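> Data file structure_16.cif (mmCIF, N, CA and C atoms) is appended below.
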data_data
#
loop_
_atom_site.label_atom_id
_atom_site.label_comp_id
_atom_site.auth_asym_id
_atom_site.auth_seq_id
_atom_site.Cartn_x
_atom_site.Cartn_y
_atom_site.Cartn_z
N MET A 1353 14.83 37.87 -19.80
CA MET A 1353 14.51 38.41 -18.50
C MET A 1353 14.60 37.29 -17.47
N ASN A 1354 15.24 37.58 -16.36
CA ASN A 1354 15.29 36.61 -15.28
C ASN A 1354 14.31 37.03 -14.20
N GLY A 1355 14.25 36.26 -13.12
CA GLY A 1355 13.36 36.59 -12.02
C GLY A 1355 12.11 35.73 -12.03
N LEU A 1356 11.26 35.99 -11.04
CA LEU A 1356 10.05 35.20 -10.91
C LEU A 1356 9.14 35.33 -12.12
N GLN A 1357 9.21 36.45 -12.83
CA GLN A 1357 8.35 36.66 -13.97
C GLN A 1357 8.62 35.67 -15.11
N ASN A 1358 9.77 35.03 -15.09
CA ASN A 1358 10.12 34.11 -16.18
C ASN A 1358 10.50 32.74 -15.61
N PRO A 1359 9.53 31.86 -15.46
CA PRO A 1359 9.83 30.55 -14.89
C PRO A 1359 10.68 29.66 -15.79
N ALA A 1360 10.81 30.02 -17.07
CA ALA A 1360 11.58 29.20 -18.00
C ALA A 1360 13.08 29.44 -17.89
N VAL A 1361 13.49 30.42 -17.09
CA VAL A 1361 14.90 30.77 -16.98
C VAL A 1361 15.43 30.34 -15.61
N LEU A 1362 16.55 29.63 -15.64
CA LEU A 1362 17.29 29.32 -14.41
C LEU A 1362 18.16 30.54 -14.14
N ASP A 1363 17.79 31.33 -13.13
CA ASP A 1363 18.46 32.61 -12.88
C ASP A 1363 19.93 32.45 -12.56
N ALA A 1364 20.25 31.49 -11.71
CA ALA A 1364 21.65 31.25 -11.35
C ALA A 1364 21.81 29.82 -10.85
N PHE A 1365 22.95 29.24 -11.18
CA PHE A 1365 23.27 27.87 -10.79
C PHE A 1365 24.74 27.86 -10.41
N ALA A 1366 25.05 27.31 -9.25
CA ALA A 1366 26.44 27.28 -8.81
C ALA A 1366 26.68 26.12 -7.86
N HIS A 1367 27.92 25.75 -7.73
CA HIS A 1367 28.35 24.75 -6.76
C HIS A 1367 29.03 25.49 -5.62
N ASP A 1368 28.45 25.44 -4.44
CA ASP A 1368 29.04 26.07 -3.27
C ASP A 1368 30.06 25.06 -2.72
N THR A 1369 31.31 25.33 -2.96
CA THR A 1369 32.36 24.38 -2.58
C THR A 1369 32.54 24.28 -1.07
N ARG A 1370 32.17 25.32 -0.35
CA ARG A 1370 32.30 25.27 1.12
C ARG A 1370 31.36 24.27 1.74
N SER A 1371 30.11 24.23 1.24
CA SER A 1371 29.13 23.30 1.80
C SER A 1371 28.93 22.07 0.91
N ASP A 1372 29.58 22.06 -0.26
CA ASP A 1372 29.43 21.01 -1.26
C ASP A 1372 27.96 20.82 -1.65
N ARG A 1373 27.24 21.95 -1.79
CA ARG A 1373 25.84 21.95 -2.19
C ARG A 1373 25.70 22.65 -3.53
N LEU A 1374 24.69 22.25 -4.26
CA LEU A 1374 24.32 22.98 -5.47
C LEU A 1374 23.31 24.05 -5.09
N VAL A 1375 23.49 25.23 -5.65
CA VAL A 1375 22.61 26.35 -5.34
C VAL A 1375 21.94 26.80 -6.63
N LEU A 1376 20.63 26.77 -6.64
CA LEU A 1376 19.84 27.31 -7.74
C LEU A 1376 19.14 28.53 -7.18
N ALA A 1377 19.46 29.69 -7.72
CA ALA A 1377 18.91 30.93 -7.18
C ALA A 1377 17.90 31.54 -8.14
N MET A 1378 16.89 32.16 -7.55
CA MET A 1378 15.92 32.95 -8.31
C MET A 1378 15.85 34.32 -7.67
N TYR A 1379 15.54 35.32 -8.48
CA TYR A 1379 15.58 36.70 -8.02
C TYR A 1379 14.20 37.35 -8.09
N GLU A 1380 13.95 38.22 -7.11
CA GLU A 1380 12.71 39.02 -7.11
C GLU A 1380 13.06 40.44 -6.67
N SER A 1381 12.84 41.38 -7.57
CA SER A 1381 13.15 42.78 -7.26
C SER A 1381 11.91 43.56 -6.85
N ARG A 1382 10.73 43.04 -7.13
CA ARG A 1382 9.49 43.76 -6.82
C ARG A 1382 9.12 43.61 -5.35
N PRO A 1383 8.42 44.59 -4.81
CA PRO A 1383 7.88 44.43 -3.45
C PRO A 1383 6.87 43.29 -3.42
N TRP A 1384 6.76 42.62 -2.29
CA TRP A 1384 5.81 41.53 -2.12
C TRP A 1384 4.46 42.11 -1.75
N LEU A 1385 3.53 42.01 -2.67
CA LEU A 1385 2.21 42.60 -2.46
C LEU A 1385 1.18 41.56 -2.05
N ASP A 1386 1.61 40.32 -1.97
CA ASP A 1386 0.70 39.22 -1.65
C ASP A 1386 -0.46 39.14 -2.63
N ASP A 1387 -0.20 39.50 -3.88
CA ASP A 1387 -1.24 39.34 -4.88
C ASP A 1387 -1.12 37.97 -5.52
N GLY A 1388 -2.20 37.51 -6.06
CA GLY A 1388 -2.22 36.17 -6.62
C GLY A 1388 -1.23 35.96 -7.74
N ALA A 1389 -1.01 36.99 -8.56
CA ALA A 1389 -0.11 36.84 -9.71
C ALA A 1389 1.32 36.58 -9.26
N GLN A 1390 1.80 37.33 -8.30
CA GLN A 1390 3.18 37.17 -7.84
C GLN A 1390 3.37 35.82 -7.14
N LEU A 1391 2.40 35.42 -6.35
CA LEU A 1391 2.49 34.12 -5.67
C LEU A 1391 2.46 32.98 -6.69
N MET A 1392 1.66 33.14 -7.74
CA MET A 1392 1.61 32.12 -8.79
C MET A 1392 2.95 32.05 -9.51
N GLN A 1393 3.57 33.20 -9.75
CA GLN A 1393 4.88 33.22 -10.40
C GLN A 1393 5.92 32.51 -9.53
N LEU A 1394 5.85 32.72 -8.23
CA LEU A 1394 6.77 32.03 -7.31
C LEU A 1394 6.56 30.52 -7.41
N GLN A 1395 5.32 30.08 -7.38
CA GLN A 1395 5.03 28.65 -7.48
C GLN A 1395 5.53 28.08 -8.81
N GLU A 1396 5.29 28.79 -9.90
CA GLU A 1396 5.72 28.31 -11.20
C GLU A 1396 7.24 28.21 -11.29
N LYS A 1397 7.94 29.19 -10.72
CA LYS A 1397 9.40 29.19 -10.76
C LYS A 1397 9.95 28.03 -9.93
N VAL A 1398 9.41 27.85 -8.73
CA VAL A 1398 9.87 26.73 -7.90
C VAL A 1398 9.57 25.41 -8.58
N ASN A 1399 8.41 25.28 -9.18
CA ASN A 1399 8.07 24.04 -9.89
C ASN A 1399 9.01 23.79 -11.06
N ALA A 1400 9.37 24.84 -11.78
CA ALA A 1400 10.32 24.69 -12.89
C ALA A 1400 11.68 24.22 -12.37
N TYR A 1401 12.14 24.79 -11.26
CA TYR A 1401 13.41 24.37 -10.67
C TYR A 1401 13.33 22.92 -10.21
N LEU A 1402 12.20 22.54 -9.61
CA LEU A 1402 12.03 21.16 -9.17
C LEU A 1402 12.06 20.20 -10.36
N SER A 1403 11.42 20.58 -11.43
CA SER A 1403 11.44 19.75 -12.63
C SER A 1403 12.88 19.58 -13.12
N PHE A 1404 13.64 20.66 -13.15
CA PHE A 1404 15.03 20.62 -13.57
C PHE A 1404 15.84 19.66 -12.69
N ILE A 1405 15.58 19.70 -11.38
CA ILE A 1405 16.32 18.86 -10.43
C ILE A 1405 15.85 17.41 -10.48
N LEU A 1406 14.55 17.20 -10.34
CA LEU A 1406 14.03 15.85 -10.13
C LEU A 1406 13.83 15.04 -11.41
N ASP A 1407 13.67 15.70 -12.54
CA ASP A 1407 13.45 14.98 -13.79
C ASP A 1407 14.75 14.60 -14.50
N GLY A 1408 15.88 14.89 -13.86
CA GLY A 1408 17.16 14.46 -14.40
C GLY A 1408 17.84 15.45 -15.32
N GLU A 1409 17.20 16.58 -15.61
CA GLU A 1409 17.82 17.57 -16.50
C GLU A 1409 19.12 18.12 -15.91
N MET A 1410 19.11 18.36 -14.61
CA MET A 1410 20.30 18.91 -13.96
C MET A 1410 21.46 17.91 -14.04
N THR A 1411 21.18 16.65 -13.78
CA THR A 1411 22.21 15.62 -13.84
C THR A 1411 22.71 15.42 -15.27
N ASP A 1412 21.80 15.52 -16.24
CA ASP A 1412 22.21 15.41 -17.64
C ASP A 1412 23.13 16.55 -18.03
N ALA A 1413 22.78 17.77 -17.59
CA ALA A 1413 23.57 18.95 -17.95
C ALA A 1413 24.87 19.03 -17.18
N PHE A 1414 24.85 18.57 -15.92
CA PHE A 1414 26.01 18.69 -15.04
C PHE A 1414 26.25 17.37 -14.32
N PRO A 1415 26.69 16.33 -15.03
CA PRO A 1415 26.84 15.01 -14.40
C PRO A 1415 27.84 15.01 -13.25
N GLN A 1416 28.78 15.94 -13.24
CA GLN A 1416 29.76 15.99 -12.16
C GLN A 1416 29.13 16.35 -10.81
N PHE A 1417 27.89 16.83 -10.83
CA PHE A 1417 27.22 17.23 -9.59
C PHE A 1417 26.14 16.23 -9.17
N ALA A 1418 26.06 15.09 -9.81
CA ALA A 1418 25.04 14.09 -9.48
C ALA A 1418 25.17 13.69 -8.01
N GLY A 1419 24.04 13.63 -7.33
CA GLY A 1419 24.02 13.21 -5.94
C GLY A 1419 24.31 14.29 -4.91
N LYS A 1420 24.67 15.49 -5.35
CA LYS A 1420 24.95 16.58 -4.41
C LYS A 1420 23.64 17.11 -3.84
N PRO A 1421 23.66 17.53 -2.59
CA PRO A 1421 22.46 18.16 -2.02
C PRO A 1421 22.18 19.49 -2.71
N VAL A 1422 20.91 19.89 -2.72
CA VAL A 1422 20.48 21.07 -3.46
C VAL A 1422 19.79 22.07 -2.54
N THR A 1423 20.12 23.34 -2.75
CA THR A 1423 19.43 24.44 -2.10
C THR A 1423 18.86 25.34 -3.18
N ILE A 1424 17.59 25.69 -3.04
CA ILE A 1424 16.97 26.71 -3.88
C ILE A 1424 16.95 27.98 -3.06
N GLN A 1425 17.48 29.05 -3.62
CA GLN A 1425 17.49 30.33 -2.93
C GLN A 1425 16.55 31.30 -3.64
N LEU A 1426 15.70 31.93 -2.85
CA LEU A 1426 14.89 33.04 -3.32
C LEU A 1426 15.61 34.29 -2.85
N ARG A 1427 16.26 34.98 -3.77
CA ARG A 1427 17.02 36.19 -3.44
C ARG A 1427 16.14 37.38 -3.77
N SER A 1428 15.66 38.04 -2.72
CA SER A 1428 14.66 39.08 -2.87
C SER A 1428 15.16 40.41 -2.31
N VAL A 1429 14.84 41.48 -3.03
CA VAL A 1429 15.20 42.82 -2.58
C VAL A 1429 14.35 43.21 -1.36
N HIS A 1430 13.11 42.74 -1.34
CA HIS A 1430 12.18 43.08 -0.26
C HIS A 1430 11.84 41.83 0.54
N GLU A 1431 11.55 42.03 1.80
CA GLU A 1431 11.15 40.91 2.65
C GLU A 1431 9.75 40.46 2.23
N PRO A 1432 9.55 39.15 2.09
CA PRO A 1432 8.22 38.67 1.71
C PRO A 1432 7.16 39.08 2.74
N ALA A 1433 5.98 39.42 2.23
CA ALA A 1433 4.85 39.77 3.07
C ALA A 1433 4.26 38.50 3.69
N GLU A 1434 3.24 38.68 4.52
CA GLU A 1434 2.71 37.57 5.32
C GLU A 1434 2.23 36.39 4.48
N GLN A 1435 1.41 36.63 3.48
CA GLN A 1435 0.88 35.53 2.67
C GLN A 1435 2.01 34.85 1.89
N SER A 1436 2.95 35.63 1.41
CA SER A 1436 4.10 35.07 0.70
C SER A 1436 4.93 34.22 1.63
N SER A 1437 5.16 34.71 2.84
CA SER A 1437 5.94 33.95 3.83
C SER A 1437 5.26 32.64 4.17
N ASP A 1438 3.94 32.65 4.25
CA ASP A 1438 3.20 31.43 4.54
C ASP A 1438 3.37 30.41 3.42
N LEU A 1439 3.30 30.88 2.17
CA LEU A 1439 3.51 29.99 1.02
C LEU A 1439 4.93 29.43 1.03
N ILE A 1440 5.90 30.27 1.31
CA ILE A 1440 7.31 29.83 1.36
C ILE A 1440 7.50 28.78 2.45
N ARG A 1441 6.87 28.98 3.60
CA ARG A 1441 6.96 28.00 4.69
C ARG A 1441 6.40 26.64 4.24
N ARG A 1442 5.25 26.66 3.57
CA ARG A 1442 4.66 25.41 3.08
C ARG A 1442 5.54 24.76 2.02
N MET A 1443 6.14 25.58 1.15
CA MET A 1443 7.06 25.03 0.14
C MET A 1443 8.26 24.37 0.81
N ARG A 1444 8.81 25.02 1.83
CA ARG A 1444 9.95 24.43 2.56
C ARG A 1444 9.61 23.05 3.09
N GLU A 1445 8.42 22.94 3.68
CA GLU A 1445 8.00 21.66 4.24
C GLU A 1445 7.93 20.59 3.15
N GLN A 1446 7.37 20.92 1.99
CA GLN A 1446 7.24 19.96 0.90
C GLN A 1446 8.59 19.62 0.29
N LEU A 1447 9.44 20.61 0.12
CA LEU A 1447 10.76 20.37 -0.47
C LEU A 1447 11.63 19.50 0.43
N ALA A 1448 11.42 19.60 1.73
CA ALA A 1448 12.21 18.80 2.68
C ALA A 1448 12.02 17.30 2.40
N PHE A 1449 10.85 16.92 1.91
CA PHE A 1449 10.61 15.51 1.58
C PHE A 1449 11.51 15.04 0.43
N GLN A 1450 11.98 15.98 -0.38
CA GLN A 1450 12.88 15.67 -1.50
C GLN A 1450 14.33 15.97 -1.15
N ASP A 1451 14.61 16.27 0.12
CA ASP A 1451 15.94 16.66 0.58
C ASP A 1451 16.46 17.90 -0.14
N ILE A 1452 15.55 18.83 -0.41
CA ILE A 1452 15.89 20.11 -1.03
C ILE A 1452 15.59 21.21 -0.03
N THR A 1453 16.53 22.11 0.14
CA THR A 1453 16.38 23.22 1.06
C THR A 1453 15.92 24.45 0.29
N LEU A 1454 15.03 25.24 0.90
CA LEU A 1454 14.61 26.51 0.33
C LEU A 1454 14.99 27.61 1.30
N GLU A 1455 15.79 28.56 0.81
CA GLU A 1455 16.23 29.69 1.63
C GLU A 1455 15.72 30.98 1.01
N VAL A 1456 15.40 31.95 1.87
CA VAL A 1456 15.08 33.30 1.41
C VAL A 1456 16.20 34.20 1.89
N ILE A 1457 16.79 34.92 0.95
CA ILE A 1457 17.91 35.79 1.27
C ILE A 1457 17.57 37.20 0.78
N GLN A 1458 17.62 38.15 1.70
CA GLN A 1458 17.35 39.53 1.30
C GLN A 1458 18.64 40.13 0.74
N ILE A 1459 18.53 40.73 -0.44
CA ILE A 1459 19.68 41.29 -1.15
C ILE A 1459 19.39 42.74 -1.53
N SER A 1460 20.41 43.42 -1.97
CA SER A 1460 20.20 44.78 -2.50
C SER A 1460 19.88 44.67 -3.99
N ALA A 1461 19.26 45.68 -4.53
CA ALA A 1461 18.90 45.69 -5.94
C ALA A 1461 20.13 45.53 -6.83
N GLU A 1462 21.27 46.01 -6.38
CA GLU A 1462 22.50 45.91 -7.16
C GLU A 1462 22.98 44.47 -7.32
N GLU A 1463 22.52 43.58 -6.47
CA GLU A 1463 22.94 42.19 -6.52
C GLU A 1463 22.16 41.35 -7.53
N ILE A 1464 21.12 41.92 -8.12
CA ILE A 1464 20.36 41.20 -9.13
C ILE A 1464 21.15 41.28 -10.43
N PRO A 1465 21.47 40.12 -11.01
CA PRO A 1465 22.27 40.14 -12.24
C PRO A 1465 21.48 40.75 -13.39
N PRO A 1466 22.17 41.45 -14.28
CA PRO A 1466 21.49 41.98 -15.46
C PRO A 1466 21.04 40.83 -16.36
N ALA A 1467 20.09 41.11 -17.22
CA ALA A 1467 19.51 40.08 -18.08
C ALA A 1467 20.55 39.38 -18.94
N ASP A 1468 21.61 40.08 -19.35
CA ASP A 1468 22.60 39.46 -20.22
C ASP A 1468 23.51 38.49 -19.48
N VAL A 1469 23.40 38.43 -18.16
CA VAL A 1469 24.21 37.50 -17.37
C VAL A 1469 23.50 36.16 -17.20
N GLU A 1470 22.17 36.14 -17.42
CA GLU A 1470 21.41 34.94 -17.11
C GLU A 1470 21.86 33.72 -17.92
N ALA A 1471 22.28 33.90 -19.14
CA ALA A 1471 22.74 32.74 -19.92
C ALA A 1471 23.99 32.14 -19.30
N ALA A 1472 24.90 32.98 -18.84
CA ALA A 1472 26.11 32.48 -18.18
C ALA A 1472 25.76 31.84 -16.86
N ALA A 1473 24.79 32.41 -16.15
CA ALA A 1473 24.39 31.84 -14.85
C ALA A 1473 23.84 30.44 -15.04
N GLY A 1474 23.10 30.21 -16.10
CA GLY A 1474 22.57 28.88 -16.35
C GLY A 1474 23.63 27.87 -16.73
N GLN A 1475 24.83 28.32 -17.01
CA GLN A 1475 25.93 27.43 -17.36
C GLN A 1475 26.92 27.27 -16.22
N GLY A 1476 26.45 27.47 -15.00
CA GLY A 1476 27.32 27.24 -13.86
C GLY A 1476 27.94 28.51 -13.33
N GLY A 1477 27.39 29.66 -13.69
CA GLY A 1477 27.88 30.93 -13.20
C GLY A 1477 27.49 31.13 -11.74
N GLY A 1478 27.90 32.23 -11.17
CA GLY A 1478 27.65 32.47 -9.75
C GLY A 1478 26.27 32.99 -9.47
N CYS A 1479 25.95 33.06 -8.19
CA CYS A 1479 24.67 33.53 -7.74
C CYS A 1479 24.66 35.03 -7.50
N GLY A 1480 25.75 35.70 -7.67
CA GLY A 1480 25.81 37.11 -7.37
C GLY A 1480 26.69 37.33 -6.16
N SER A 1481 26.90 38.58 -5.84
CA SER A 1481 27.78 38.88 -4.72
C SER A 1481 27.15 38.43 -3.41
N GLY A 1482 27.96 38.15 -2.45
CA GLY A 1482 27.49 37.70 -1.15
C GLY A 1482 27.35 36.19 -1.05
N CYS A 1483 27.52 35.51 -2.15
CA CYS A 1483 27.40 34.05 -2.13
C CYS A 1483 28.78 33.43 -2.21
N GLY A 1484 28.97 32.35 -1.51
CA GLY A 1484 30.26 31.67 -1.54
C GLY A 1484 30.35 30.63 -2.63
N CYS A 1485 29.44 30.67 -3.56
CA CYS A 1485 29.42 29.66 -4.63
C CYS A 1485 30.54 29.89 -5.62
N HIS A 1486 31.14 28.78 -6.07
CA HIS A 1486 32.18 28.85 -7.09
C HIS A 1486 32.04 27.69 -8.03
#
Starting from the file, give its structure as structure tokens.

Amino acid sequence: MNGLQNPAVLDAFAHDTRSDRLVLAMYESRPWLDDGAQLMQLQEKVNAYLSFILDGEMTDAFPQFAGKPVTIQLRSVHEPAEQSSDLIRRMREQLAFQDITLEVIQISAEEIPPADVEAAAGQGGGCGSGCGCH
């Protein structure tokens, strides 16, 4: 299973050749209820992505991308609610210190990859439709 519910899975990883940035995407199909569980899942997923980036795992797995700027995308079917948006704003501020960008992109439910695609996504697959990553 991909998405915020599973912080151990890198939902999508791609090299956006237009901007020469690495894009690590995570997906959320549930409505944002501003409940503690969903916000904790968001924090855990972002922390897992940060560990992958900053602890050298990403460079070990993909040495050809060493030194490239990184964007983490939260691809959500629903617009984040107020408390979620506040947490995302604080995360953006903290990530900026690491030269990592955090973007929220609203997508349709059809753009969320099926669970059987997640293994390919972790091996340099795309972020889904609407993304210029290759």
> In Å, how far is it from atom CA of Arg1427 of chain A to atom C of Gln1458 of chain A?
6.0 Å
> Up to 5 Å from (19.7, 30.5, -10.3) in the file's coordinates: name the residues, counting only N, CA and C atoms, as number ranges by chain.
A: 1362-1365, 1376-1378
> Could you pull the residues within 6.5 Å of segment 1382-1388 of chain A, counting all atoms listed in the file, minus those fewer than 5 positions along the same chain, as a ChimeraX atom specification?
/A:1393,1429-1433,1435-1436
> When you count only N, CA and C atoms, which of these residues is closest to Gln1390 of chain A: A:Gly1408, A:Gly1419, A:Leu1356, A:Ala1448?
A:Leu1356
> Check which residues satisfy the PyMOL selection byres ((chain A and resi 1421) around 6) in the file shown, then give them as an MDAnalysis selection string.
chainID A and resid 1372:1374 1419:1420 1422:1423
> Would you work out the distance separating atom N of Gln1416 of chain A from atom N of Phe1449 of chain A, expressed in Å to one decimal?
23.5 Å
> With the file shown as input, list the residues that the PyMOL selection byres (((chain A and resi 1404 and name CA) around 12) and name CA) selects, as a list in words.
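Taken over the shown coordinates, the PyMOL selection byres (((chain A and resi 1404 and name CA) around 12) and name CA) returns Pro1359, Ala1360, Val1361, Leu1362, Phe1365, Leu1376, Lys1397, Val1398, Asn1399, Ala1400, Tyr1401, Leu1402, Ser1403, Ile1405, Leu1406, Asp1407, Gly1408, Glu1409, Met1410, Thr1411, Asp1412, Ala1413, Phe1414, Val1422, Ile1424 and Gly1474 of chain A.
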> Compare A:Ser1460, A:Ala1389, A:Ala1366, A:Gln1357 by their minimum atom-to-atom distance to Ser1428 of chain A, counting all atoms listed in the file, and give me the closest one.
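Closest residue, counting all atoms listed in the file: A:Ser1460.
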> List every residue of chain A that DSSP, applied to the backbone of this structure, places in helix (DSSP H, G or I), and write the result as a ChimeraX atom specification.
/A:1388-1406,1409-1413,1415-1417,1434-1448,1461-1463,1467-1473
> What does the distance between atom N of Asn1358 of chain A and atom C of Glu1396 of chain A come to in Å, to one decimal place?
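Distance reported for this atom pair: 8.2 Å.
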> Extract segment 1445-1454 of chain A from the preceding block and save all heavy atoms as a PDB file, in the first residue's frame.

ATOM      1  N   GLU A1445       9.028  25.527   5.926  1.00  0.00           N
ATOM      2  CA  GLU A1445      10.042  26.396   6.525  1.00  0.00           C
ATOM      3  C   GLU A1445      11.252  25.586   6.982  1.00  0.00           C
ATOM      4  O   GLU A1445      12.395  25.992   6.759  1.00  0.00           O
ATOM      5  CB  GLU A1445       9.440  27.168   7.698  1.00  0.00           C
ATOM      6  CG  GLU A1445       8.407  28.199   7.279  1.00  0.00           C
ATOM      7  CD  GLU A1445       7.649  28.798   8.458  1.00  0.00           C
ATOM      8  OE1 GLU A1445       7.899  28.396   9.623  1.00  0.00           O
ATOM      9  OE2 GLU A1445       6.784  29.655   8.208  1.00  0.00           O
ATOM     10  N   GLN A1446      11.019  24.439   7.620  1.00  0.00           N
ATOM     11  CA  GLN A1446      12.114  23.609   8.110  1.00  0.00           C
ATOM     12  C   GLN A1446      12.881  22.953   6.964  1.00  0.00           C
ATOM     13  O   GLN A1446      14.108  22.874   6.997  1.00  0.00           O
ATOM     14  CB  GLN A1446      11.585  22.550   9.082  1.00  0.00           C
ATOM     15  CG  GLN A1446      11.056  23.133  10.375  1.00  0.00           C
ATOM     16  CD  GLN A1446      12.116  23.932  11.121  1.00  0.00           C
ATOM     17  OE1 GLN A1446      13.234  23.472  11.323  1.00  0.00           O
ATOM     18  NE2 GLN A1446      11.773  25.143  11.514  1.00  0.00           N
ATOM     19  N   LEU A1447      12.170  22.481   5.954  1.00  0.00           N
ATOM     20  CA  LEU A1447      12.825  21.838   4.817  1.00  0.00           C
ATOM     21  C   LEU A1447      13.696  22.817   4.031  1.00  0.00           C
ATOM     22  O   LEU A1447      14.703  22.428   3.449  1.00  0.00           O
ATOM     23  CB  LEU A1447      11.789  21.191   3.899  1.00  0.00           C
ATOM     24  CG  LEU A1447      11.068  19.976   4.477  1.00  0.00           C
ATOM     25  CD1 LEU A1447       9.922  19.561   3.572  1.00  0.00           C
ATOM     26  CD2 LEU A1447      12.024  18.833   4.714  1.00  0.00           C
ATOM     27  N   ALA A1448      13.302  24.076   4.024  1.00  0.00           N
ATOM     28  CA  ALA A1448      14.072  25.093   3.297  1.00  0.00           C
ATOM     29  C   ALA A1448      15.503  25.172   3.834  1.00  0.00           C
ATOM     30  O   ALA A1448      16.434  25.449   3.081  1.00  0.00           O
ATOM     31  CB  ALA A1448      13.379  26.449   3.382  1.00  0.00           C
ATOM     32  N   PHE A1449      15.684  24.894   5.124  1.00  0.00           N
ATOM     33  CA  PHE A1449      17.032  24.906   5.702  1.00  0.00           C
ATOM     34  C   PHE A1449      17.905  23.804   5.101  1.00  0.00           C
ATOM     35  O   PHE A1449      19.126  23.891   5.144  1.00  0.00           O
ATOM     36  CB  PHE A1449      16.980  24.745   7.226  1.00  0.00           C
ATOM     37  CG  PHE A1449      16.397  25.926   7.938  1.00  0.00           C
ATOM     38  CD1 PHE A1449      15.231  25.798   8.676  1.00  0.00           C
ATOM     39  CD2 PHE A1449      17.000  27.172   7.876  1.00  0.00           C
ATOM     40  CE1 PHE A1449      14.683  26.870   9.344  1.00  0.00           C
ATOM     41  CE2 PHE A1449      16.462  28.267   8.531  1.00  0.00           C
ATOM     42  CZ  PHE A1449      15.297  28.114   9.276  1.00  0.00           C
ATOM     43  N   GLN A1450      17.288  22.766   4.562  1.00  0.00           N
ATOM     44  CA  GLN A1450      18.004  21.663   3.928  1.00  0.00           C
ATOM     45  C   GLN A1450      18.002  21.794   2.405  1.00  0.00           C
ATOM     46  O   GLN A1450      18.374  20.856   1.705  1.00  0.00           O
ATOM     47  CB  GLN A1450      17.366  20.319   4.316  1.00  0.00           C
ATOM     48  CG  GLN A1450      17.319  20.058   5.793  1.00  0.00           C
ATOM     49  CD  GLN A1450      18.695  19.869   6.395  1.00  0.00           C
ATOM     50  OE1 GLN A1450      19.632  19.453   5.725  1.00  0.00           O
ATOM     51  NE2 GLN A1450      18.838  20.185   7.660  1.00  0.00           N
ATOM     52  N   ASP A1451      17.535  22.929   1.892  1.00  0.00           N
ATOM     53  CA  ASP A1451      17.397  23.156   0.449  1.00  0.00           C
ATOM     54  C   ASP A1451      16.477  22.130  -0.205  1.00  0.00           C
ATOM     55  O   ASP A1451      16.726  21.669  -1.323  1.00  0.00           O
ATOM     56  CB  ASP A1451      18.759  23.173  -0.252  1.00  0.00           C
ATOM     57  CG  ASP A1451      19.590  24.369   0.158  1.00  0.00           C
ATOM     58  OD1 ASP A1451      19.003  25.464   0.337  1.00  0.00           O
ATOM     59  OD2 ASP A1451      20.810  24.228   0.315  1.00  0.00           O
ATOM     60  N   ILE A1452      15.422  21.761   0.517  1.00  0.00           N
ATOM     61  CA  ILE A1452      14.409  20.842   0.002  1.00  0.00           C
ATOM     62  C   ILE A1452      13.094  21.603  -0.086  1.00  0.00           C
ATOM     63  O   ILE A1452      12.705  22.300   0.858  1.00  0.00           O
ATOM     64  CB  ILE A1452      14.260  19.606   0.914  1.00  0.00           C
ATOM     65  CG1 ILE A1452      15.583  18.833   0.961  1.00  0.00           C
ATOM     66  CG2 ILE A1452      13.105  18.719   0.443  1.00  0.00           C
ATOM     67  CD1 ILE A1452      15.616  17.719   1.981  1.00  0.00           C
ATOM     68  N   THR A1453      12.436  21.474  -1.216  1.00  0.00           N
ATOM     69  CA  THR A1453      11.162  22.141  -1.442  1.00  0.00           C
ATOM     70  C   THR A1453      10.029  21.169  -1.148  1.00  0.00           C
ATOM     71  O   THR A1453      10.118  19.992  -1.486  1.00  0.00           O
ATOM     72  CB  THR A1453      11.064  22.595  -2.917  1.00  0.00           C
ATOM     73  OG1 THR A1453      12.208  23.401  -3.221  1.00  0.00           O
ATOM     74  CG2 THR A1453       9.814  23.387  -3.176  1.00  0.00           C
ATOM     75  N   LEU A1454       8.955  21.677  -0.544  1.00  0.00           N
ATOM     76  CA  LEU A1454       7.753  20.884  -0.321  1.00  0.00           C
ATOM     77  C   LEU A1454       6.606  21.543  -1.070  1.00  0.00           C
ATOM     78  O   LEU A1454       6.314  22.718  -0.854  1.00  0.00           O
ATOM     79  CB  LEU A1454       7.422  20.794   1.175  1.00  0.00           C
ATOM     80  CG  LEU A1454       6.116  20.084   1.548  1.00  0.00           C
ATOM     81  CD1 LEU A1454       6.141  18.614   1.119  1.00  0.00           C
ATOM     82  CD2 LEU A1454       5.851  20.196   3.048  1.00  0.00           C
TER      83      LEU A1454
END
